[in-house]
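First up is the structure itself, then whatever we jot down about it.
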Amino acid sequence: MAAKPQTDHDRRKQISIRGIAPVENVVDLKKAFNRHLHYTIVKDRNVATPRDYYLALAHTIRDHLVGRWIRTQQHYYEKDPKRVYYLSLEFYMGRTLANTMVNLGIQSSCDEALYQLGLDIEELEEIEEDAGLGNGGLGRLAACFLDSMATLGLAAYGYGIRYDYGIFAQKIENGWQVEEPDEWLRYGNPWEKARPEYVLPINFYGRVEDNGGKKRWVDTQVVFAMPYDSPIPGYGNNTVNTMRLWSAKASSNFDLKFFNNGEYIQAVCDRNEAENISRVLYPNDNFFEGKELRLKQEYFLVAATLQDIIRRFKSSRFGSRDPIRTSFDSFPDKVAIQLNDTHPSLAIPELLRILVDIEGLPWDKAWEVTVKACAYTNHTVLPEALERWPVHLLEKLLPRHLEIIYYINHLFLQEVAKKFPGDSEKMKRMSLVEEDGEKRVNMAYMAIVGSHAINGVAAIHSQIIKTDTFRDFAEMFPDRFQNKTNGITPRRWLLLCNPGLSDVIAEKIGEEWVTNLYALTGLKKFAKDETFLRTIIKVKQENKMKLAEYIKQEFNITVNTSSIFDIQVKRIHEYKRQLMNCFHMIVLYNRLKKNPSMKFTPRTIMIGGKAAPGYHMAKLIIKLINNVGRTVNNDPIIGDRLKIVYLENYRVSLAEKIIPAADLSEQISTAGTEASGTGNMKFQLNGALTIGTLDGANVEMREEMGDENIFIFGMNVEEVEETKRQGYNAREFYEKNGELKQLLDQINNGYFSPEDPNMFKDIYNNIMYTDRFMLCKDFESYISCQDRVSEVFRDPLEWAKMCLLNIASSGKFSSDRTISEYAKDIWGVEPNDIKLPAPHETPEDFGLDSKAAKK
Ligand SMILES: *Cc1c(COP(=O)(O)O)cnc(C)c1O
């Protein structure tokens, strides 16, 4: 008897790692769902929309978090472990529904319940808006870290800003990027809990009053910070941590001057100005734009968070036994503050200000406490990304902080002079305050001086910051510099996004990998098991077909699902070299045009990513890719052998669809420019092969899997440096390589832009005369490496074996491993199992007249 094709429902039902579905749970879930539809959403099934069903489901799932959330926080209060505070201007969370079900182990029960109710759970999952409060890797890293900290049972908090508008929605119109505002809160956010009763005042502007050396910051404008809490469930461990995001609220007497003049309407309207602080995420990735509103955001986060941290420190159970915690000596034993890049680095002068000006500590004590509590993660060495705030802005907005920064610098330069006497060049280089040109504060330098630990995010990057970017500082503080190679959470990036692959892995080696990704090495022994390799191939094929359907539906492009799915998704940036990928497209096109009957391995090349709205070159690159796509995709000679797809509006939820379907992952930045990359790890974990340079974490991926399982090409960091010293000349390569010359001329003479032959001249001129990223030098090596890729792909079993060895070698890149290292080497906290009693699920168990709650 022929097996019936499995429905998605059947498939999801089988997977035991997603939780078994006991009948009682299914019955209870259905009841709770109907109850929420009625009482919370206030609809019946005659008028409910799919969004109403999504919201009813979200509330049903949320109910399962509440008991665990309260218990976890009670546990922290009672046991008073050292807390970890992860401060970040970005948390790129994506969707919450499926992740919550997976981490609670109730996905199967929910599937079954919704199925019995006649609803399609996958359709409902699609209704949820992404929480897009991030630009790219840095923001997504913060989100993966929250998942890992909860899964490891760390007493951790994410602190950030609740932007009304997250990263813009990208539309492609006539090949150009168009930005639309991201109204992610339009239909409400069922996952957050506003805490208006805990608003905190934040000061701006004003002046410093000096009473015989005792400083006070006065005449300030006050804005309130209102916390919104979201639950962060660990995987299968009853821990639910908190992400607290601050929203700006005008104080009730904001702009009193108008109020007194009777201009009541004006006063109310002006409240917007204060509340604009949390209006919108700045859409720059790896780029510093010195805008006052951004500086306000950075301070707003830091000031609200530190008040919260200090309140919690003082009011811990031990604190209340001992009315006030008698001193701040124990502060660094109870508090670890991790700065996600320099964006929240004002935490350093702000903590000093609180300790000295408000708590009355002597400077030396306050300094010791601050340095012991703070740690800084560097995310980039690109000079245009490093924050250097003009002194005049700081002086206007944060006059007391500027004084404190000057004082830190004064004391620090004395130390430098002591350690390196007579080296005035070094003093000048190391000053936190840059004196030539417009006076600016180098925030990375300040973060280094004010932190006990500084880390890069991949081995090669940590090496570069020690020996190059922050060389003088590494000589001064050799013990502070560390490496913490980034990671990704295997829950979202395998278990949730790739159920097919999760399932076949679990059948072979069980489920340990979900919380110990190194367990995937157990797959290595199946590298010659043809049956298993064919299973891997089948899963990939199914994922490719699903993505092909999405591409057909969204872009009306038919792709060949037996072609190589060659994918580059990440922010559009010159250093990431999407343009070199585009050159490869043109090479393949020109070859097929010249010799239509040549032997050719079919490819579908997909590129996705957003450009910062003000980044001219990045936006022009998007247009070029789309114009090349227009030419290629409509050429009958090419057929389905080569297709170009621009994946519009790349974001977390789209990444979850694309990555499981990839055959080839493009990680082709100029060596020395990509600090780590995390996209690379997601592809490896999902069984795509990588074509990449020896940059960022690619280096460590190669170490883990072996050179024979990855396609490495191009200059290494030393060769890049040597080329810069010798002087790079693109024309040399243009003259030498016929394919390169042809495609550059085509770009320059309007071959891909008959509507405007001059359209891409800026790209041509940049590549020929001002290219910092040396595309032409790596071009030949890239193209011949791609030719090898095409060759290997013709042998499906060989390819599948490499895929399997990639998956089996991805254990290192779990963010659980990364977080364990931060916990041990930087924070001094123990990963611990919180043995919570089985949580009660009914509110009555927690009510005032409850006997059960007395236990
Ligand atoms: C992982 C991720 C990134 C980071 O990708 P890189 O290739 O490391 O730059 C960016 N955006 C989204 C949506 C991601 O999920």
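Each chain of the structure tokens is named A, B, ... in the order shown, its residues numbered from 1; ligands are numbered from 1 in display order.
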
Would you please give, as a PyMOL selection string, all residues of stretch 170-399 of chain A that DSSP assigns to strand (DSSP E or B) based on the backbone? chain A and resi 170-173+176-180+193-194+200-204+207-211+214-218+221-233+240-250+280+335-340+374-377+388-390

Around ligand 1, out to 6 Å and counting only C-alpha atoms and all ligand atoms, which residues are there? I want them as a count of residues only. 11

Kindly give the distance, in Å, that separates atom CA of A:Asp333 and atom CA of A:Asp308, rounded to a single decimal. 16.9 Å

List as a PyMOL selection string the protein and nucleic acid residues near stretch 35-43 of chain A, meaning an atom at most 12 Å away when only C-alpha atoms are counted, but skip any in the same chain fewer than 5 places from it. chain A and resi 28-30+48-63+187-188+190

Among listed residues A:Met446, A:Ile465, A:Val628, A:Ala662, nearest A:Ser563 (using only C-alpha atoms):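 Result for the nearest residue to A:Ser563: A:Ala662.
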
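By chain and then residue number, the residues within 10 Å of A:Gln221 are Pro201, Ile202, Asn203, Phe204, Tyr205, Gly206, Ser251, Phe254, Asp255, Ala274 and Leu397 of chain A, counting only C-alpha atoms and disregarding those fewer than 4 positions away in sequence.
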
Under the rule that only C-alpha atoms are counted, which of A:Val280, A:Ile404, A:Ala142, A:Ile557 is the nearest residue to A:Gly487?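 Answer, going by the shortest atom-to-atom distance: A:Ala142.
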
Atom-to-atom span, atom CA of A:Glu183 and atom CA of A:Pro227, Å: 19.5 Å

From the DSSP assignment of the backbone, select every residue of stretch 454-585 of chain A that is alpha helix (DSSP H), and format the answer as a PyMOL selection string. chain A and resi 459-464+471-476+490+499-509+530-555+578-585

Find the residues around stretch 780-789 of chain A up to 8 Å (only C-alpha atoms counted), leave out those fewer than 3 positions away in its own chain, and share them as number ranges by chain. A: 584, 691, 711-714, 737, 776-777, 792-793
